[in-house]
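Colleague: Take a look at this one; I'll ask things after.
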Amino acid sequence: MTMAQTLPTTERRSSRWLLLSSLALNLFFVGVAVAMFIRPAPPPPTWDRNVFVRVERIAATLPPADREIVRGIIDNIRPSLEAAQVEYRTSQEAIREVMRQEPFSVENMRAAMARTRTARQNFDQIVQGAFADAAAKMSPSGRQALAAWPPGRNSTSKP
């Protein structure tokens, strides 16, 4: 057998493998496309910006006695916490309104951002104060559960 006779056979084999590989790859992509098309829509996000919803999610992971401590402290400060949350959300919306204004004023933007920082700081102080008061009354296991929140987080690892 001469070199001229073996060359077409090698080319035929490589072109077969190339065709087969291309067909397999195309079938894979078609399968992925079909799977993406028929899968159900993702569930709506479960994250809620309302502080009371978030506190309840945290409290649900605590031991029963500690859960009631957290709920009781939050209930005691509910009016001031709700007012601080409304003030903070309102100040965030004020930033959006300033950004929509024509002509745009950087001074107004900075003033709105300063009001938002102040409102956020007030809101944080109320929430953090409530959790500090609650932690002082909680059991050691409740404080450990709070420190490990969200559940399943490895609290011994460093960020």
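Chain labels follow the order of the structure tokens: the first chain is A, the next B, and so on; residue numbering restarts at 1 in every chain, and ligands are counted from 1 in their shown order.
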Within 7 Å of Met109 (chain A), counting only C-alpha atoms, which residues show up once you throw out same-chain ones fewer than 3 positions away? Write them as a count of residues only, please.
Modeller: 6
Colleague: Mind checking which residues fall within 8 Å of Ile58 (chain A), counting only C-alpha atoms, ignoring those fewer than 4 positions away in the same chain, and posting them as a count of residues only?
Modeller: 5
Colleague: Have a look at A:Ser15, A:Gln128, A:Ser139, A:Thr90 and name the one nearest to Thr116 (chain A); count only C-alpha atoms.
Modeller: A:Thr90
Colleague: Residues within 12 Å of Val55 (chain A), please, as a PyMOL selection string. Count only C-alpha atoms; anything in the same chain fewer than 3 positions from it doesn't count.
Modeller: chain A and resi 48-52+58-62+67-75+78+81+127-128+130-131+134+146+149-150
Colleague: Among chain A, which residues carry a DSSP assignment of alpha helix (DSSP H), reported as JSON, numbers by chain?
Modeller: {"A": [3, 4, 5, 6, 7, 8, 9, 10, 11, 12, 13, 14, 15, 16, 17, 18, 19, 20, 21, 22, 23, 24, 25, 26, 27, 28, 29, 30, 31, 32, 33, 34, 35, 36, 37, 38, 51, 52, 53, 54, 55, 56, 57, 58, 59, 64, 65, 66, 67, 68, 69, 70, 71, 72, 73, 74, 75, 76, 78, 79, 80, 81, 82, 83, 84, 85, 86, 87, 88, 89, 90, 91, 92, 93, 94, 95, 96, 97, 98, 99, 100, 106, 107, 108, 109, 110, 111, 112, 113, 114, 115, 116, 117, 118, 119, 120, 121, 122, 123, 124, 125, 126, 127, 128, 129, 130, 131, 132, 133, 134, 135, 136, 137, 140, 141, 142, 143, 144, 145, 146, 147]}
Colleague: Emit the selected residues as a compact mmCIF listing (two decimals), in the first residue's frame, including C-alpha atoms.
Modeller:
# COMPACT_ATOMS: atom_id res chain seq x y z
CA MET A 3 1.07 6.64 0.80
CA ALA A 4 -1.39 7.85 -1.82
CA GLN A 5 -3.78 5.02 -1.00
CA THR A 6 -3.74 5.52 2.80
CA LEU A 7 -4.27 9.28 2.82
CA PRO A 8 -7.94 9.27 1.71
CA THR A 9 -8.80 6.66 4.36
CA THR A 10 -7.30 8.83 7.13
CA GLU A 11 -9.11 11.91 5.85
CA ARG A 12 -12.38 9.97 5.69
CA ARG A 13 -12.00 8.77 9.28
CA SER A 14 -11.17 12.22 10.62
CA SER A 15 -14.07 13.81 8.76
CA ARG A 16 -16.41 11.15 10.20
CA TRP A 17 -15.21 11.92 13.73
CA LEU A 18 -15.54 15.63 13.08
CA LEU A 19 -19.10 15.13 11.81
CA LEU A 20 -19.99 12.89 14.74
CA SER A 21 -18.50 15.35 17.27
CA SER A 22 -20.32 18.26 15.69
CA LEU A 23 -23.60 16.34 15.77
CA ALA A 24 -23.10 15.42 19.45
CA LEU A 25 -22.29 19.02 20.36
CA ASN A 26 -25.36 20.30 18.51
CA LEU A 27 -27.59 17.76 20.26
CA PHE A 28 -26.14 18.83 23.61
CA PHE A 29 -26.93 22.51 22.93
CA VAL A 30 -30.44 21.66 21.71
CA GLY A 31 -30.99 19.68 24.91
CA VAL A 32 -29.82 22.60 27.04
CA ALA A 33 -32.07 25.00 25.12
CA VAL A 34 -35.10 22.71 25.55
CA ALA A 35 -34.38 22.28 29.26
CA MET A 36 -34.14 26.07 29.71
CA PHE A 37 -37.40 26.55 27.83
CA ILE A 38 -39.50 24.00 29.72
CA VAL A 51 -37.63 45.29 59.29
CA PHE A 52 -40.43 43.50 61.09
CA VAL A 53 -40.43 40.67 58.55
CA ARG A 54 -36.64 40.34 58.85
CA VAL A 55 -36.78 40.35 62.66
CA GLU A 56 -39.44 37.65 62.57
CA ARG A 57 -37.26 35.50 60.29
CA ILE A 58 -34.40 35.88 62.78
CA ALA A 59 -36.63 35.19 65.78
CA PRO A 64 -38.62 29.64 72.17
CA ALA A 65 -37.79 31.71 75.27
CA ASP A 66 -35.28 33.84 73.38
CA ARG A 67 -37.70 34.22 70.48
CA GLU A 68 -40.22 35.79 72.85
CA ILE A 69 -37.55 38.13 74.27
CA VAL A 70 -36.73 39.44 70.80
CA ARG A 71 -40.39 39.80 69.84
CA GLY A 72 -41.20 41.57 73.12
CA ILE A 73 -38.41 44.12 72.73
CA ILE A 74 -39.33 44.78 69.10
CA ASP A 75 -42.99 45.19 70.08
CA ASN A 76 -42.00 47.71 72.77
CA ARG A 78 -42.47 49.24 67.30
CA PRO A 79 -43.72 52.84 66.89
CA SER A 80 -40.24 54.39 66.88
CA LEU A 81 -38.82 51.60 64.71
CA GLU A 82 -41.65 51.91 62.22
CA ALA A 83 -41.22 55.70 62.06
CA ALA A 84 -37.46 55.32 61.53
CA GLN A 85 -38.04 52.78 58.76
CA VAL A 86 -40.56 55.05 57.02
CA GLU A 87 -38.19 58.02 57.33
CA TYR A 88 -35.34 55.99 55.86
CA ARG A 89 -37.41 54.69 52.91
CA THR A 90 -38.80 58.19 52.29
CA SER A 91 -35.30 59.66 52.22
CA GLN A 92 -34.22 56.98 49.72
CA GLU A 93 -37.13 57.93 47.49
CA ALA A 94 -36.13 61.60 47.81
CA ILE A 95 -32.74 60.72 46.29
CA ARG A 96 -34.51 59.11 43.33
CA GLU A 97 -36.70 62.18 42.89
CA VAL A 98 -33.69 64.52 42.92
CA MET A 99 -32.02 62.37 40.27
CA ARG A 100 -35.11 62.69 38.06
CA VAL A 106 -25.60 68.20 42.59
CA GLU A 107 -26.17 70.27 45.75
CA ASN A 108 -29.71 68.91 46.09
CA MET A 109 -28.37 65.40 45.50
CA ARG A 110 -25.75 65.75 48.23
CA ALA A 111 -28.33 67.18 50.63
CA ALA A 112 -30.73 64.27 49.93
CA MET A 113 -27.91 61.78 50.44
CA ALA A 114 -26.97 63.44 53.74
CA ARG A 115 -30.59 63.15 54.91
CA THR A 116 -30.59 59.48 53.91
CA ARG A 117 -27.35 58.83 55.83
CA THR A 118 -28.84 60.46 58.91
CA ALA A 119 -32.08 58.48 58.57
CA ARG A 120 -30.15 55.23 58.04
CA GLN A 121 -27.99 55.89 61.09
CA ASN A 122 -31.07 56.55 63.23
CA PHE A 123 -32.74 53.39 61.90
CA ASP A 124 -29.60 51.30 62.56
CA GLN A 125 -29.23 52.66 66.07
CA ILE A 126 -32.79 51.66 66.95
CA VAL A 127 -32.45 48.15 65.47
CA GLN A 128 -29.02 47.55 66.94
CA GLY A 129 -30.10 48.87 70.32
CA ALA A 130 -33.03 46.47 70.33
CA PHE A 131 -30.80 43.52 69.54
CA ALA A 132 -28.26 44.60 72.17
CA ASP A 133 -31.04 44.76 74.78
CA ALA A 134 -32.37 41.39 73.64
CA ALA A 135 -28.93 39.76 73.70
CA ALA A 136 -28.43 40.92 77.29
CA LYS A 137 -31.58 39.01 78.30
CA PRO A 140 -26.19 31.60 75.84
CA SER A 141 -27.68 29.22 73.25
CA GLY A 142 -29.94 32.02 71.96
CA ARG A 143 -26.98 34.38 71.61
CA GLN A 144 -25.04 31.64 69.78
CA ALA A 145 -27.97 31.11 67.40
CA LEU A 146 -28.17 34.85 66.82
CA ALA A 147 -24.42 35.05 66.18
